[in-house]
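K.L.:
Data file query.txt (compact mmCIF, C-alpha atoms) is appended below.
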# COMPACT_ATOMS: atom_id res chain seq x y z
CA MET G 1 25.51 -36.30 -57.91
CA PRO G 2 22.32 -38.39 -57.74
CA LEU G 3 22.63 -42.15 -57.63
CA VAL G 4 21.66 -43.96 -60.81
CA VAL G 5 22.32 -47.40 -59.34
CA ARG G 6 22.02 -48.38 -55.71
CA LEU G 7 22.41 -52.01 -54.68
CA ARG G 8 22.41 -53.28 -51.11
CA SER G 9 23.08 -56.95 -50.41
CA ALA G 10 21.57 -57.74 -53.82
CA VAL G 11 21.16 -61.45 -54.41
CA CYS G 12 20.29 -62.91 -57.79
CA LEU G 13 19.75 -66.60 -58.39
CA LEU G 14 20.25 -68.47 -61.65
CA GLY G 15 18.12 -71.50 -60.94
CA ARG G 16 19.24 -72.29 -57.41
CA PHE G 17 22.76 -70.95 -57.90
CA PRO G 18 23.44 -67.56 -56.30
CA ALA G 19 25.18 -65.86 -59.22
CA LEU G 20 25.17 -62.67 -57.17
CA ALA G 21 25.45 -63.34 -53.48
CA GLY G 22 25.00 -59.95 -51.87
CA VAL G 23 26.34 -57.11 -53.99
CA ASP G 24 26.65 -53.55 -52.72
CA LEU G 25 27.12 -50.94 -55.41
CA ASP G 26 26.56 -47.23 -55.85
CA VAL G 27 26.92 -45.57 -59.26
CA GLU G 28 26.43 -41.85 -59.65
CA SER G 29 24.93 -40.09 -62.64
CA GLY G 30 27.50 -39.46 -65.38
CA GLU G 31 29.99 -42.04 -64.11
CA VAL G 32 31.73 -44.54 -66.37
CA VAL G 33 32.29 -47.66 -64.31
CA LEU G 34 34.29 -50.72 -65.30
CA LEU G 35 33.07 -54.04 -63.96
CA SER G 36 35.88 -56.60 -63.95
CA GLY G 37 36.20 -60.12 -62.66
CA ALA G 38 36.94 -63.66 -63.72
CA ASN G 39 34.68 -65.73 -65.93
CA GLY G 40 31.62 -66.73 -63.94
CA SER G 41 32.06 -63.99 -61.38
CA GLY G 42 28.60 -62.61 -62.13
CA LYS G 43 29.32 -59.63 -64.38
CA THR G 44 26.70 -60.48 -66.97
CA THR G 45 24.21 -61.44 -64.28
CA LEU G 46 24.76 -58.09 -62.58
CA LEU G 47 24.17 -56.20 -65.81
CA ARG G 48 21.05 -58.22 -66.55
CA LEU G 49 19.81 -57.62 -63.02
CA LEU G 50 20.30 -53.89 -63.47
CA ALA G 51 18.49 -54.09 -66.82
CA GLY G 52 15.56 -55.77 -65.10
CA LEU G 53 16.00 -58.97 -67.06
CA HIS G 54 16.86 -61.04 -63.98
CA ARG G 55 14.74 -61.00 -60.88
CA LEU G 56 16.12 -59.70 -57.58
CA TYR G 57 15.96 -62.54 -55.07
CA SER G 58 16.72 -60.52 -51.96
CA GLY G 59 18.32 -57.27 -50.92
CA GLU G 60 17.64 -53.85 -52.40
CA ALA G 61 18.12 -52.63 -55.95
CA ASP G 62 17.19 -49.18 -57.20
CA VAL G 63 17.94 -48.23 -60.79
CA LEU G 64 17.10 -44.78 -62.14
CA GLY G 65 14.89 -44.26 -59.12
CA HIS G 66 12.88 -47.44 -59.67
CA ASP G 67 12.84 -50.27 -57.17
CA LEU G 68 13.63 -53.39 -59.22
CA ALA G 69 11.70 -55.55 -56.78
CA VAL G 70 8.44 -53.89 -57.80
CA ASP G 71 8.98 -51.88 -60.98
CA ARG G 72 11.38 -53.43 -63.47
CA ARG G 73 9.47 -52.02 -66.45
CA GLY G 74 9.84 -48.49 -65.17
CA ALA G 75 13.61 -48.87 -64.87
CA ARG G 76 13.94 -50.44 -68.31
CA ARG G 77 12.60 -47.36 -70.06
CA GLY G 78 15.86 -45.56 -69.32
CA ILE G 79 18.23 -48.47 -69.87
CA GLY G 80 20.18 -49.60 -72.90
CA LEU G 81 21.81 -53.01 -72.77
CA LEU G 82 24.49 -54.15 -75.20
CA GLY G 83 24.57 -57.85 -74.40
CA HIS G 84 26.06 -60.92 -76.01
CA GLU G 85 23.18 -61.05 -78.50
CA THR G 86 21.89 -58.21 -80.64
CA GLY G 87 18.18 -58.50 -79.81
CA CYS G 88 17.45 -57.84 -83.50
CA TYR G 89 15.39 -59.72 -86.08
CA ASP G 90 17.21 -61.58 -88.85
CA ASP G 91 14.58 -60.83 -91.50
CA LEU G 92 14.41 -57.09 -90.84
CA THR G 93 16.91 -54.71 -92.36
CA VAL G 94 19.28 -52.58 -90.31
CA ARG G 95 17.00 -49.57 -90.77
CA GLU G 96 13.84 -51.53 -89.93
CA ASN G 97 15.36 -52.97 -86.75
CA LEU G 98 16.47 -49.50 -85.70
CA ARG G 99 13.16 -47.83 -86.45
CA PHE G 100 11.27 -50.51 -84.56
CA ALA G 101 13.47 -49.99 -81.49
CA ALA G 102 13.30 -46.20 -81.74
CA ARG G 103 9.54 -46.07 -82.21
CA ALA G 104 8.97 -48.58 -79.41
CA ALA G 105 10.92 -46.28 -77.12
CA GLY G 106 8.82 -43.31 -78.21
CA GLY G 107 11.42 -41.93 -80.62
CA ASP G 108 11.18 -41.21 -84.31
CA ALA G 109 12.91 -42.01 -87.58
CA GLU G 110 15.38 -39.19 -87.01
CA ALA G 111 16.63 -40.84 -83.80
CA SER G 112 17.24 -44.10 -85.64
CA ASP G 113 18.93 -42.38 -88.59
CA THR G 114 21.21 -40.46 -86.23
CA ALA G 115 22.17 -43.67 -84.43
CA LEU G 116 22.76 -45.39 -87.75
CA GLU G 117 25.10 -42.65 -88.87
CA ARG G 118 26.89 -42.59 -85.54
CA VAL G 119 27.90 -46.26 -85.72
CA GLY G 120 28.85 -46.05 -89.38
CA LEU G 121 26.25 -48.46 -90.78
CA THR G 122 24.53 -46.09 -93.20
CA ALA G 123 25.79 -48.06 -96.20
CA GLN G 124 24.24 -51.25 -94.77
CA ALA G 125 20.87 -49.66 -93.92
CA GLY G 126 19.00 -51.87 -96.39
CA VAL G 127 20.76 -55.12 -95.48
CA THR G 128 18.90 -57.63 -93.32
CA HIS G 129 20.38 -58.45 -89.92
CA GLY G 130 20.85 -62.08 -90.95
CA ARG G 131 23.27 -61.01 -93.70
CA LEU G 132 25.46 -58.79 -91.55
CA SER G 133 28.89 -59.82 -90.32
CA ALA G 134 29.41 -60.35 -86.59
CA GLY G 135 31.07 -56.96 -86.24
CA GLN G 136 28.32 -55.20 -88.17
CA ARG G 137 25.71 -56.88 -85.98
CA ARG G 138 27.55 -55.59 -82.93
CA ARG G 139 27.46 -52.08 -84.37
CA LEU G 140 23.76 -52.44 -85.09
CA ALA G 141 23.14 -53.52 -81.49
CA LEU G 142 25.00 -50.42 -80.35
CA ALA G 143 22.89 -48.27 -82.68
CA VAL G 144 19.66 -49.87 -81.42
CA MET G 145 20.74 -49.05 -77.90
CA LEU G 146 21.52 -45.43 -78.80
CA ALA G 147 18.30 -45.00 -80.79
CA ARG G 148 16.37 -45.62 -77.59
CA ASP G 149 18.20 -42.66 -76.00
CA PRO G 150 18.87 -44.38 -72.65
CA GLN G 151 20.16 -42.72 -69.50
CA LEU G 152 22.06 -45.79 -68.34
CA LEU G 153 24.21 -47.82 -70.75
CA LEU G 154 25.01 -51.37 -69.71
CA LEU G 155 27.75 -52.78 -71.94
CA ASP G 156 28.65 -56.45 -71.69
CA GLU G 157 31.99 -57.21 -73.36
CA PRO G 158 31.22 -54.41 -75.82
CA HIS G 159 34.49 -54.62 -77.78
CA ALA G 160 34.08 -58.32 -78.61
CA GLY G 161 33.81 -58.91 -82.34
CA LEU G 162 34.40 -55.30 -83.33
CA ASP G 163 37.11 -54.24 -85.76
CA ALA G 164 39.38 -51.26 -85.06
CA ALA G 165 36.92 -48.77 -86.53
CA GLY G 166 34.05 -50.27 -84.57
CA ARG G 167 36.06 -50.14 -81.36
CA ALA G 168 36.83 -46.51 -81.98
CA VAL G 169 33.12 -45.77 -82.48
CA LEU G 170 32.30 -47.58 -79.25
CA ASP G 171 35.03 -45.75 -77.33
CA THR G 172 33.69 -42.44 -78.61
CA VAL G 173 30.17 -43.34 -77.46
CA VAL G 174 31.47 -44.23 -73.99
CA ALA G 175 33.74 -41.21 -73.74
CA SER G 176 30.97 -38.81 -74.71
CA ALA G 177 28.38 -40.40 -72.41
CA PRO G 178 28.91 -38.09 -69.41
CA ASP G 179 28.52 -35.04 -71.66
CA GLU G 180 25.23 -36.52 -72.87
CA ASP G 181 24.04 -37.05 -69.26
CA ARG G 182 24.50 -40.78 -69.58
CA THR G 183 25.93 -43.23 -67.10
CA VAL G 184 27.88 -46.25 -68.32
CA ILE G 185 28.69 -49.58 -66.71
CA ILE G 186 31.04 -51.76 -68.77
CA ALA G 187 31.70 -55.42 -68.04
CA SER G 188 34.89 -56.40 -69.79
CA HIS G 189 37.98 -58.57 -69.83
CA GLU G 190 39.78 -56.06 -72.06
CA LEU G 191 41.04 -54.18 -69.06
CA ASP G 192 43.74 -52.12 -70.75
CA ARG G 193 41.25 -50.63 -73.15
CA THR G 194 38.33 -50.19 -70.79
CA ARG G 195 40.35 -48.89 -67.82
CA ALA G 196 41.28 -45.96 -70.00
CA LEU G 197 37.59 -45.20 -70.51
CA ALA G 198 36.38 -45.74 -66.97
CA GLY G 199 36.56 -43.45 -63.99
CA ARG G 200 36.19 -46.28 -61.50
CA GLU G 201 36.63 -50.04 -61.39
CA ILE G 202 34.49 -52.54 -59.55
CA VAL G 203 35.95 -56.02 -59.06
CA LEU G 204 33.38 -58.73 -58.81
CA ALA G 205 34.12 -62.16 -57.30
CA GLY G 206 31.69 -65.08 -57.52
CA GLY G 207 29.01 -65.38 -54.79
CA VAL G 208 29.02 -68.53 -52.73
CA ALA G 209 26.23 -69.90 -50.48
CA ARG G 210 27.19 -71.89 -47.39
CA ASP G 211 24.85 -73.64 -45.03
CA GLY G 212 21.93 -72.10 -46.82
CA VAL G 213 23.08 -68.60 -45.90
CA LEU G 214 23.99 -66.33 -48.78
CA GLU G 215 27.25 -64.46 -48.23
CA HIS G 216 28.55 -61.19 -49.52
CA ALA G 217 31.06 -62.12 -52.15
CA SER G 218 31.67 -58.95 -54.08
CA GLN G 219 33.79 -56.01 -53.21
CA ALA G 220 34.02 -52.52 -54.56
CA VAL G 221 37.57 -51.46 -55.34
CA PRO G 222 37.99 -47.86 -56.40
CA ALA G 223 40.53 -47.54 -59.19
CA MET J 1 2.53 -44.01 -77.81
CA ASN J 2 -0.86 -45.38 -76.97
CA LEU J 3 -1.78 -49.04 -76.73
CA TRP J 4 -3.13 -49.38 -80.26
CA ARG J 5 -0.20 -47.64 -81.91
CA GLU J 6 2.19 -49.90 -80.02
CA ALA J 7 0.11 -52.94 -81.01
CA MET J 8 0.21 -51.83 -84.65
CA LEU J 9 3.97 -51.40 -84.40
CA VAL J 10 4.41 -54.98 -83.15
CA ALA J 11 1.93 -56.39 -85.67
CA GLY J 12 3.66 -54.51 -88.48
CA LYS J 13 7.01 -55.87 -87.38
CA ASP J 14 5.75 -59.48 -87.24
CA LEU J 15 3.98 -59.23 -90.59
CA ARG J 16 7.03 -57.65 -92.21
CA ILE J 17 9.15 -60.53 -90.93
CA GLU J 18 6.63 -63.02 -92.33
CA ALA J 19 6.42 -61.20 -95.64
CA ARG J 20 10.19 -61.38 -95.97
CA SER J 21 10.75 -64.91 -94.68
CA ARG J 22 7.62 -66.23 -96.44
CA VAL J 23 7.26 -69.07 -93.96
CA THR J 24 3.47 -68.68 -93.94
CA LEU J 25 3.31 -68.64 -97.73
CA TYR J 26 5.74 -71.49 -98.39
CA GLN J 27 5.14 -73.72 -95.37
CA VAL J 28 1.99 -72.98 -93.39
CA LEU J 29 -0.33 -72.47 -96.36
CA PRO J 30 0.84 -75.56 -98.27
CA PHE J 31 0.54 -77.56 -95.06
CA GLY J 32 -3.11 -76.48 -94.66
CA LEU J 33 -3.89 -77.21 -98.31
CA ILE J 34 -2.30 -80.66 -98.04
CA VAL J 35 -4.46 -81.42 -94.99
CA VAL J 36 -7.59 -80.38 -96.93
CA LEU J 37 -6.47 -82.45 -99.91
CA LEU J 38 -5.72 -85.53 -97.79
CA PHE J 39 -9.19 -85.44 -96.29
CA ALA J 40 -10.62 -85.25 -99.80
CA PHE J 41 -8.69 -88.40 -100.73
CA ALA J 42 -9.48 -90.19 -97.48
CA LEU J 43 -13.25 -89.62 -97.54
CA ASP J 44 -15.47 -90.70 -100.41
CA PRO J 45 -16.86 -87.61 -102.15
CA SER J 46 -19.53 -89.53 -104.07
CA ARG J 47 -21.57 -90.35 -100.93
CA GLY J 48 -21.84 -86.78 -99.80
CA VAL J 49 -19.64 -87.45 -96.79
CA LEU J 50 -17.20 -84.68 -97.65
CA SER J 51 -19.83 -81.97 -97.98
CA ARG J 52 -21.34 -82.97 -94.62
CA VAL J 53 -18.06 -82.95 -92.73
CA ALA J 54 -16.46 -80.08 -94.65
CA PRO J 55 -16.91 -77.49 -91.84
CA GLY J 56 -15.15 -79.72 -89.31
CA LEU J 57 -12.35 -80.62 -91.70
CA PHE J 58 -11.85 -76.97 -92.61
CA TRP J 59 -11.46 -75.93 -88.99
CA VAL J 60 -9.19 -78.88 -88.18
CA ALA J 61 -6.95 -77.74 -91.04
CA VAL J 62 -7.05 -74.15 -89.79
CA LEU J 63 -6.18 -75.18 -86.22
CA LEU J 64 -3.26 -77.34 -87.32
CA ALA J 65 -1.93 -74.53 -89.48
CA ALA J 66 -2.47 -72.11 -86.59
CA LEU J 67 -0.11 -74.18 -84.47
CA LEU J 68 2.64 -73.55 -87.00
CA ALA J 69 1.85 -69.83 -87.13
CA VAL J 70 1.96 -69.53 -83.34
CA SER J 71 5.24 -71.43 -83.08
CA ARG J 72 6.72 -69.26 -85.81
CA SER J 73 5.55 -66.06 -84.10
CA PHE J 74 7.54 -66.91 -80.97
CA ALA J 75 10.46 -68.58 -82.73
CA VAL J 76 11.45 -65.20 -84.20
CA GLU J 77 11.59 -63.80 -80.67
CA THR J 78 14.07 -66.44 -79.55
CA GLU J 79 16.61 -65.68 -82.29
CA ASN J 80 19.42 -63.30 -81.35
CA GLY J 81 17.91 -62.66 -77.93
CA ALA J 82 15.06 -60.68 -79.50
CA ARG J 83 12.83 -61.51 -76.54
CA ASP J 84 15.17 -59.53 -74.29
CA GLY J 85 14.99 -56.72 -76.82
CA LEU J 86 11.22 -56.84 -76.64
CA ARG J 87 11.30 -56.74 -72.83
CA LEU J 88 13.69 -53.80 -72.91
CA SER J 89 11.78 -52.02 -75.67
CA GLY J 90 9.50 -50.12 -73.33
CA LEU J 91 6.41 -51.43 -75.10
CA ASP J 92 3.33 -52.17 -73.04
CA PRO J 93 3.07 -55.99 -72.76
CA ALA J 94 -0.67 -55.75 -73.48
CA ALA J 95 0.20 -53.99 -76.74
CA VAL J 96 2.77 -56.67 -77.57
CA PHE J 97 0.07 -59.28 -76.96
CA LEU J 98 -2.44 -57.48 -79.17
CA GLY J 99 0.15 -56.91 -81.88
CA LYS J 100 1.32 -60.52 -82.00
CA ALA J 101 -2.24 -61.85 -81.82
CA GLY J 102 -3.27 -59.42 -84.56
CA ALA J 103 -0.44 -60.57 -86.82
CA ILE J 104 -1.35 -64.23 -86.24
CA ALA J 105 -5.02 -63.44 -86.89
CA PHE J 106 -4.15 -61.71 -90.17
CA GLN J 107 -2.10 -64.70 -91.32
CA LEU J 108 -4.90 -67.07 -90.32
CA ALA J 109 -7.44 -64.96 -92.21
CA VAL J 110 -5.35 -65.22 -95.38
CA LEU J 111 -4.98 -68.93 -94.75
CA GLU J 112 -8.73 -69.35 -94.26
CA VAL J 113 -9.50 -67.66 -97.56
CA ALA J 114 -7.14 -70.04 -99.37
CA LEU J 115 -8.36 -73.10 -97.48
CA GLY J 116 -11.96 -72.00 -97.96
CA ALA J 117 -11.38 -71.90 -101.70
CA GLY J 118 -9.84 -75.37 -101.49
CA VAL J 119 -12.83 -76.71 -99.56
CA ALA J 120 -15.29 -75.15 -101.99
CA LEU J 121 -13.41 -76.70 -104.88
CA LEU J 122 -12.83 -80.18 -103.46
CA TYR J 123 -15.69 -80.80 -101.02
CA ASP J 124 -18.73 -79.87 -103.12
CA VAL J 125 -20.28 -77.56 -100.52
CA GLU J 126 -23.30 -75.29 -100.92
CA LEU J 127 -23.19 -71.74 -99.65
CA ARG J 128 -26.27 -70.71 -97.62
CA SER J 129 -25.17 -67.71 -95.57
CA LEU J 130 -21.95 -65.91 -96.36
CA GLY J 131 -22.51 -63.46 -93.50
CA LEU J 132 -22.70 -66.28 -90.98
CA LEU J 133 -19.54 -67.90 -92.34
CA VAL J 134 -17.61 -64.64 -92.23
CA ALA J 135 -18.83 -63.69 -88.75
CA ALA J 136 -17.98 -67.14 -87.39
CA ALA J 137 -14.57 -67.06 -89.08
CA VAL J 138 -13.74 -63.61 -87.67
CA ALA J 139 -14.73 -64.56 -84.12
CA ALA J 140 -13.03 -67.98 -84.29
CA THR J 141 -9.86 -66.50 -85.77
CA ALA J 142 -9.68 -63.90 -83.03
CA GLY J 143 -10.16 -66.60 -80.41
CA VAL J 144 -7.51 -68.90 -81.86
CA ALA J 145 -5.04 -66.02 -82.29
CA ALA J 146 -5.55 -64.75 -78.74
CA THR J 147 -5.29 -68.22 -77.20
CA GLY J 148 -2.32 -69.12 -79.37
CA THR J 149 -0.47 -65.96 -78.41
CA LEU J 150 -1.12 -66.57 -74.73
CA TYR J 151 0.05 -70.19 -74.78
CA GLY J 152 2.81 -69.36 -77.23
CA VAL J 153 4.48 -66.98 -74.81
CA LEU J 154 3.94 -69.46 -71.99
CA ALA J 155 6.07 -72.02 -73.84
CA ALA J 156 8.36 -69.49 -75.53
CA GLY J 157 11.40 -69.98 -73.33
CA LEU J 158 11.25 -73.77 -73.34
CA ARG J 159 13.23 -76.06 -75.59
CA VAL J 160 10.17 -78.26 -76.02
CA ARG J 161 7.91 -75.43 -77.14
CA GLU J 162 7.18 -76.95 -80.56
CA THR J 163 5.64 -80.02 -78.94
CA LEU J 164 4.26 -78.27 -75.87
CA VAL J 165 2.25 -75.61 -77.72
CA PRO J 166 -0.07 -78.15 -79.43
CA LEU J 167 -0.52 -80.05 -76.17
CA LEU J 168 -1.52 -76.88 -74.34
CA LEU J 169 -3.42 -75.17 -77.09
CA LEU J 170 -5.58 -77.82 -78.75
CA PRO J 171 -7.65 -78.75 -75.66
CA VAL J 172 -8.21 -75.07 -74.87
CA VAL J 173 -9.42 -74.19 -78.36
CA ALA J 174 -11.81 -77.16 -78.49
CA PRO J 175 -14.78 -74.79 -77.88
CA VAL J 176 -13.65 -72.75 -80.89
CA MET J 177 -13.46 -75.87 -83.01
CA LEU J 178 -16.94 -76.88 -81.88
CA GLY J 179 -18.54 -73.45 -82.24
CA ALA J 180 -16.95 -72.64 -85.58
CA THR J 181 -17.87 -76.05 -86.99
CA ARG J 182 -21.51 -75.76 -85.89
CA ALA J 183 -21.78 -72.21 -87.24
CA TRP J 184 -20.25 -73.24 -90.56
CA GLU J 185 -22.54 -76.28 -90.76
CA ALA J 186 -25.47 -73.86 -90.60
CA GLY J 187 -23.82 -71.47 -93.02
CA LEU J 188 -23.13 -74.25 -95.53
CA GLY J 189 -26.53 -75.86 -95.15
CA SER J 190 -25.27 -79.19 -93.79
CA ALA J 191 -27.28 -78.60 -90.59
CA THR J 192 -30.63 -76.98 -90.00
CA SER J 193 -29.78 -75.41 -86.66
CA ASP J 194 -29.28 -71.68 -86.14
CA GLY J 195 -25.58 -70.77 -86.40
CA TRP J 196 -25.67 -67.36 -84.76
CA PRO J 197 -25.70 -68.58 -81.13
CA TRP J 198 -22.44 -70.33 -81.95
CA VAL J 199 -21.03 -67.09 -83.31
CA ALA J 200 -21.96 -65.46 -80.00
CA LEU J 201 -20.11 -68.23 -78.15
CA LEU J 202 -17.06 -67.71 -80.37
CA ALA J 203 -17.15 -63.96 -79.77
CA LEU J 204 -17.38 -64.55 -76.02
CA PHE J 205 -14.41 -66.92 -76.15
CA ALA J 206 -12.36 -64.42 -78.17
CA THR J 207 -13.21 -61.58 -75.79
CA LEU J 208 -12.39 -63.68 -72.75
CA TYR J 209 -9.01 -64.83 -74.02
CA THR J 210 -8.10 -61.42 -75.37
CA SER J 211 -8.79 -59.95 -71.93
CA ILE J 212 -6.84 -62.69 -70.15
CA GLY J 213 -4.00 -62.32 -72.63
CA MET J 214 -3.72 -58.58 -72.15
CA LEU J 215 -3.44 -59.08 -68.40
CA ALA J 216 -1.25 -62.19 -68.34
CA PHE J 217 1.11 -61.61 -71.27
CA GLY J 218 3.43 -59.29 -69.32
CA PRO J 219 4.11 -61.68 -66.43
CA LEU J 220 4.42 -64.60 -68.83
CA LEU J 221 6.90 -62.70 -71.02
CA GLU J 222 8.96 -61.97 -67.92
CA GLU J 223 9.10 -65.63 -66.96
CA ALA J 224 9.62 -66.99 -70.48
How does this structure look as structure tokens?

P.N.:
Amino acid sequence: MPLVVRLRSAVCLLGRFPALAGVDLDVESGEVVLLSGANGSGKTTLLRLLAGLHRLYSGEADVLGHDLAVDRRGARRGIGLLGHETGCYDDLTVRENLRFAARAAGGDAEASDTALERVGLTAQAGVTHGRLSAGQRRRLALAVMLARDPQLLLLDEPHAGLDAAGRAVLDTVVASAPDEDRTVIIASHELDRTRALAGREIVLAGGVARDGVLEHASQAVPA
Amino acid sequence: MNLWREAMLVAGKDLRIEARSRVTLYQVLPFGLIVVLLFAFALDPSRGVLSRVAPGLFWVAVLLAALLAVSRSFAVETENGARDGLRLSGLDPAAVFLGKAGAIAFQLAVLEVALGAGVALLYDVELRSLGLLVAAAVAATAGVAATGTLYGVLAAGLRVRETLVPLLLLPVVAPVMLGATRAWEAGLGSATSDGWPWVALLALFATLYTSIGMLAFGPLLEEA
């Protein structure tokens, strides 16, 4: 299977702090990978690096065939990130937020309506983002991600704030990803739930710099 | 999608947000009108001072209101991590720049019509050349919107953006202030000079900053 993610000694700095201090990672197309580790271990940073939102300081990082050191925009076109925030606009309705995201990604109204239906927010289509509950906002963020039809899903604590129905929707999206030619990387502390979804687990430990030399501080641990 | 369709998408999104939040209508517009009104109180209308300085006062009011519009345009991108959403959207940064600048320009145009009516009512001005006034306003508005969008994104990720944007923007748009004032002086008959060379200067400024913005917006959005 072709590699969707290929990291070699990838270093990412937050300010001067090496949040990722030399990460090696290979993820094949269609895989569902769980990223686990303690708070501050760099899970979110790794996802944001893969999404092209953080800059690669050193090492190599290829995502969807794009070298992140030179072409982050190219990689982003195929990436969907479900982060801690929704990335939506408070004064736009659920439908308007979705249509904006879908059209920006080259999709159409049908793509946004399908995503809306899939996450079970059809009844709230006319409600502005600012009036949604935390769980509904999480569902909308999931729908926005799906409306863009990404090849690589990056999910950061995706179950947080979701009710049982929302969690079930999310699990269905993750479980069906390989059949839809999608690859998924999930960062989560809810290991019991996410281990059941993932085919492989990567344990990330915090990167530490000593004497000005950045060290490898992560290790891949097959489940 | 091509550049213009993407720009229209972003402009439509920003204008829809403004239409729903009504910040421009309830805050920016009243602010501009209050500035115009305060000048009318501060300067004696009976000596003809107001009619002579009306062009300058009008553009000062527009620039101050523009600061609010620019800040608002980037404030909506900081809520809920929308800026990350914009970066991940796949939109061409040049199109995002054009869309945001276009939305700001549209709001400023509406503002200028309202403030223009206020100036006509309060400042006892005489209209000589409507074409000159409109041409100068279009070019100046484009220049202010382009510059504001460029400096707005520069300060977007900073906590001090509300205070930094005026500090960065006002010195840069001084040529717009000068050119628009001179052109409007000619258009309102408070000066005998030809206003069209000033319109040309304004158009040059707008073209220059639109070009710079289209090139620089992407890198600045990445660093914001």

K.L.:
Give me, as a PyMOL selection string, the contact residues of chain J against chain G at a cut-off of 6 Å, counting only C-alpha atoms.

P.N.:
chain J and resi 17+80-82+85+88-91

K.L.:
Go ahead and write the residues just picked, C-alpha atoms, as a PDB file, keeping the file's coordinate frame.

P.N.:
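This is the output file again.pdb:
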ATOM      1  CA  ILE J  17       9.150 -60.530 -90.930  1.00  0.00           C
ATOM      2  CA  ASN J  80      19.420 -63.300 -81.350  1.00  0.00           C
ATOM      3  CA  GLY J  81      17.910 -62.660 -77.930  1.00  0.00           C
ATOM      4  CA  ALA J  82      15.060 -60.680 -79.500  1.00  0.00           C
ATOM      5  CA  GLY J  85      14.990 -56.720 -76.820  1.00  0.00           C
ATOM      6  CA  LEU J  88      13.690 -53.800 -72.910  1.00  0.00           C
ATOM      7  CA  SER J  89      11.780 -52.020 -75.670  1.00  0.00           C
ATOM      8  CA  GLY J  90       9.500 -50.120 -73.330  1.00  0.00           C
ATOM      9  CA  LEU J  91       6.410 -51.430 -75.100  1.00  0.00           C
TER      10      LEU J  91
END

K.L.:
Find the distance between atom CA of Leu153 of chain G and atom CA of Ala69 of chain G and write it in Å to one decimal.

P.N.:
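The value is 20.3 Å.
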
K.L.:
Considering all atoms listed in the file, state which residue in the set G:Arg137, G:Val4, G:Leu154, G:Val33 is at the smallest distance from Ala196 of chain G.

P.N.:
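For Ala196 of chain G, the nearest of the candidates is G:Val33.
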
K.L.:
Closest to Trp4 of chain J among J:Asp92, J:Asp194, J:Asp84, J:Glu185, using all atoms listed in the file?

P.N.:
J:Asp92

K.L.:
Taking into account all atoms listed in the file, which residue in the set J:Gly152, J:Gly118, J:Gly56, J:Gly12 is nearest to Gly213 of chain J?

P.N.:
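Using all atoms listed in the file, the shortest distance to Gly213 of chain J belongs to J:Gly152.
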
K.L.:
So how many Å separate atom CA of Leu191 of chain G and atom CA of Pro158 of chain G, to one decimal?

P.N.:
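Going from atom CA of Leu191 of chain G over to atom CA of Pro158 of chain G, I get 11.9 Å.
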
K.L.:
Return the single residue from G:Glu60, G:Leu34, G:Thr114, G:Arg95 that is closest to Gly126 of chain G, with distances computed using all atoms listed in the file.

P.N.:
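For Gly126 of chain G, the nearest of the candidates is G:Arg95.
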
K.L.:
Would you mind reading off the distance between atom CA of Glu222 of chain J and atom CA of Leu202 of chain J, one decimal, in Å?

P.N.:
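Taking atom CA of Glu222 of chain J and atom CA of Leu202 of chain J, their separation equals 29.4 Å.
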
K.L.:
For Gln27 of chain J, please output as a list in words all residues within 9 Å (counting all atoms listed in the file; exclusion window: fewer than 5 positions along the same chain).

P.N.:
Arg22, Gly32 and Leu68 of chain J

K.L.:
Measuring atom to atom with all atoms listed in the file, identify which of J:Gly102, J:Gly195, J:Gly187, J:Pro219 is nearest to Leu133 of chain J.

P.N.:
J:Gly187

K.L.:
List the neighbours of Tyr151 of chain J out to 8 Å using all atoms listed in the file; skip same-chain residues closer than 3 positions along the sequence, and give me the result as a list in words.

P.N.:
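Once the nearby chain positions are removed, what remains is Thr147, Gly148, Leu154, Ala155, Val165, Leu168 and Leu169 of chain J.
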
K.L.:
For Gln136 of chain G, find every residue with an atom within 9 Å (counting only C-alpha atoms), except residues of its own chain fewer than 5 positions away, and show them as a VMD selection string.

P.N.:
chain G and resid 121 124 129 141 161 to 162 166

K.L.:
Cys12 of chain G: which residues within 12 Å, counting only C-alpha atoms, same-chain residues fewer than 5 positions away excluded, as a PyMOL selection string?

P.N.:
chain G and resi 7+17-23+42-50+52-61+68-69+206-209+214-216

K.L.:
Could you give me, as a VMD selection string, the residues within 10 Å of Ala174 of chain J, counting all atoms listed in the file and dropping anything in the same chain fewer than 6 positions from it?

P.N.:
chain J and resid 63 144 180

K.L.:
Could you work out an axis-aligned bounding box for all listed atoms of segment 86-94 of chain J, with 6 Å added on each of the six sides, and give its centre and edge lengths in Å to one decimal, as JSON?

P.N.:
{"center_x": 6.5, "center_y": -53.5, "center_z": -74.7, "size_x": 26.4, "size_y": 18.7, "size_z": 15.9}

K.L.:
Determine, counting all atoms listed in the file, every residue of protein, DNA or RNA that lies within 10 Å of (-10.9, -71.5, -96.9) in the file coordinates, then give the result as an NGL selection string.

P.N.:
:J and (32-33 or 36 or 55 or 58-59 or 61-62 or 108-121 or 137)
